[in-house]
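Read through the structure below, which is laid out as structure tokens, and then see the notes.
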Amino acid sequence: MRYDSCVARTVLRVLVAVLSAGSVVAGFEQTLDRRSIDAAIAVGESRIEFVRTQFHEPYRIQVARSPVDYIDIVTPFRRVALLAQERAQAGGRLFQGEAIALLGDRSTVVEILVEMTFHPLNAFVGVPAYDVELADASPVVRINPLQIGRIPRFGARLEGRSLASPNTVVSSSPGNSQPMLGGTVVATFGGDTLDPNGIYDVVVSEKGKELARAQVDMGTLR
């Protein structure tokens, strides 16, 4: 089998990206430099499923406390990796300059996506006014999001939907008798307000009543 320079460069990029993604000493990156963007693109473009699976695993927190199924954390680094992954799945490539442009004003924010399933007999006409905040135990402090969005889901959950641009997702349209089956709450936090190595509780509530809580260790992310 011929082992040409193109294959060698691809393998090297993947290995470097895996090592970089596994480096958690400094915690998640509040801002990205060009080297970090390249590393994120390499992760997203990897043809090795194990590389992508291992990278994304710590960003998803299983909750399984009704109505919350799980929580996804999207840091700037992961956002670039997701954009690159989506582009690769469509048969294209994401370049550094384009990644910077796509990040835009979201280059320094962390988005927390709370994925929910509702009782099929619910009478909701929209996603309830669920709130999301981060709680830090030491010192005791509550961090509110910069903004919050609520996206209804009338059909089956689409696992392939974009996590990189959740607020641009168009939810399935309701049928004449189709109930709202679930929804996603997207809470946006300023990266500079978070400790890169902090451990926070993601608290989901409705009118002050706590519905679910899950812990995220930002030091294990990038």
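For the structure tokens, the naming scheme is as follows: chains receive sequential letters (A, B, ...) according to their order of presentation, residues are indexed from 1 within each chain, and ligands are indexed from 1 in presentation order.
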Which region 56-96 of chain A residues have any atom within 12 Å of an atom of region 176-188 of chain A, and for each, what is the nearest pair of atoms with distance in Å to one decimal, counting only C-alpha atoms, rows sorted by chain and number, as a tab-separated table?
```
residue	atom	partner	partner_atom	distance
A:Ser66	CA	A:Gly182	CA	10.9
A:Pro67	CA	A:Gly182	CA	8.3
A:Val68	CA	A:Thr184	CA	9.3
A:Asp69	CA	A:Gly182	CA	9.9
A:Tyr70	CA	A:Thr184	CA	10.1
A:Ile71	CA	A:Thr184	CA	9.5
A:Asp72	CA	A:Val186	CA	9.5
A:Ile73	CA	A:Ala187	CA	9.9
A:Val74	CA	A:Thr188	CA	9.5
A:Thr75	CA	A:Thr188	CA	10.3
A:Pro76	CA	A:Thr188	CA	11.7
```
- Query: What lies within 7 Å of Thr220 (chain A) using only C-alpha atoms, ignoring chain neighbours under 2 positions off, as a ChimeraX atom specification?
  - Reply: /A:24,27,217-218,222
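If you look at CA of Gly190 (chain A) and CA of Pro139 (chain A), they are 18.7 Å away from each other.
The gap separating CA of Asn144 (chain A) from CA of Asp131 (chain A) is 9.1 Å, in Å to one decimal.
In this structure, CA of Tyr200 (chain A) sits 26.5 Å away from CA of Gly44 (chain A).
Across A:Phe28, A:Val125, A:Glu49, A:Val114, the tightest approach to Gln62 (chain A) is made by A:Val114 when counting only C-alpha atoms.
Checking A:Arg34, A:Arg150, A:Arg157, A:Arg87 one by one against Tyr130 (chain A), counting only C-alpha atoms, you find the shortest gap at A:Arg150.
Using only C-alpha atoms, the nearest neighbour of Ala129 (chain A) within the list A:Thr53, A:Gln85, A:Ser205, A:Asn197 is A:Ser205.
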key: Those of region 81-169 of chain A in DSSP strand (DSSP E), formatted as number ranges by chain   = A: 109-117, 130-137, 140-143, 147-153
Taking the backbone alone, and naming residues the way the document does, which bits of region 19-205 of chain A are alpha helix (DSSP H) by DSSP, as number ranges by chain?
A: 19-21, 34-45, 49-56, 76-89, 96-103
**Prompt:** Skipping near chain neighbours, those fewer than 3 positions away, what residues fall within 10 Å of Ser36 (chain A) using only C-alpha atoms, listed as a ChimeraX atom specification?
**Reply:** /A:17,20-21,29,31-33,39-42,76-77,80,222
Output file for the residues above (N, CA and C atoms, as a compact mmCIF listing (two decimals), in the first residue's frame):
```
# COMPACT_ATOMS: atom_id res chain seq x y z
N ALA A 17 -4.52 17.00 16.86
CA ALA A 17 -5.82 17.49 17.33
C ALA A 17 -6.29 16.71 18.55
N SER A 20 -4.29 17.77 21.49
CA SER A 20 -4.69 19.11 21.89
C SER A 20 -6.03 19.10 22.58
N ALA A 21 -6.98 18.33 22.04
CA ALA A 21 -8.32 18.28 22.62
C ALA A 21 -8.30 17.62 23.98
N GLU A 29 -11.28 27.21 26.59
CA GLU A 29 -10.67 28.42 26.04
C GLU A 29 -11.72 29.51 25.85
N THR A 31 -11.31 32.47 24.58
CA THR A 31 -11.15 33.01 23.24
C THR A 31 -10.22 32.07 22.46
N LEU A 32 -10.35 32.07 21.16
CA LEU A 32 -9.57 31.16 20.32
C LEU A 32 -8.52 31.92 19.52
N ASP A 33 -7.30 31.37 19.52
CA ASP A 33 -6.30 31.91 18.60
C ASP A 33 -6.32 31.04 17.35
N ALA A 39 -6.86 23.43 15.32
CA ALA A 39 -7.02 22.17 16.05
C ALA A 39 -8.48 21.75 16.08
N ALA A 40 -9.38 22.72 16.27
CA ALA A 40 -10.81 22.41 16.30
C ALA A 40 -11.29 21.91 14.94
N ILE A 41 -10.80 22.54 13.88
CA ILE A 41 -11.17 22.11 12.53
C ILE A 41 -10.69 20.68 12.29
N ALA A 42 -9.47 20.37 12.74
CA ALA A 42 -8.92 19.03 12.54
C ALA A 42 -9.77 17.97 13.25
N PRO A 76 -16.60 27.93 22.47
CA PRO A 76 -16.12 28.40 21.15
C PRO A 76 -15.33 27.32 20.39
N PHE A 77 -14.48 26.58 21.10
CA PHE A 77 -13.68 25.53 20.46
C PHE A 77 -14.59 24.46 19.88
N VAL A 80 -16.46 25.51 16.65
CA VAL A 80 -15.69 25.39 15.41
C VAL A 80 -15.60 23.93 14.98
N ARG A 222 -12.88 22.07 26.40
CA ARG A 222 -11.91 22.93 25.72
C ARG A 222 -12.63 24.04 24.94
```
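Checking A:Val204, A:Val132, A:Ile61, A:Val110 one by one against Asp192 (chain A), counting only C-alpha atoms, you find the shortest gap at A:Val110.
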Residue with the minimum atom-to-atom distance to Phe154 (chain A), picked from A:Thr193, A:Ser138, A:Gln89, A:Asn122 with only C-alpha atoms counted, is A:Asn122
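Closest approach to Arg35 (chain A) among A:His56, A:Arg78, A:Gln96, A:Gln215 is made by A:Gln96 (distances from only C-alpha atoms).
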Who sits within 7 Å of Glu133 (chain A), only C-alpha atoms, same chain under 5 positions skipped, as an mmCIF file with C-alpha atoms, in the first residue's frame:
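Dumped to part21.cif:
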```cif
data_model
loop_
_atom_site.group_PDB
_atom_site.id
_atom_site.type_symbol
_atom_site.label_atom_id
_atom_site.label_comp_id
_atom_site.auth_asym_id
_atom_site.auth_seq_id
_atom_site.Cartn_x
_atom_site.Cartn_y
_atom_site.Cartn_z
ATOM 1 C CA ARG A 142 -25.594 32.621 40.486
ATOM 2 C CA ILE A 143 -24.714 33.533 36.898
ATOM 3 C CA ASN A 144 -27.565 34.532 34.615
ATOM 4 C CA PRO A 145 -27.383 34.117 30.832
ATOM 5 C CA VAL A 202 -26.637 24.003 35.505
ATOM 6 C CA VAL A 203 -29.983 24.813 37.119
ATOM 7 C CA VAL A 204 -33.199 24.582 35.112
#
```
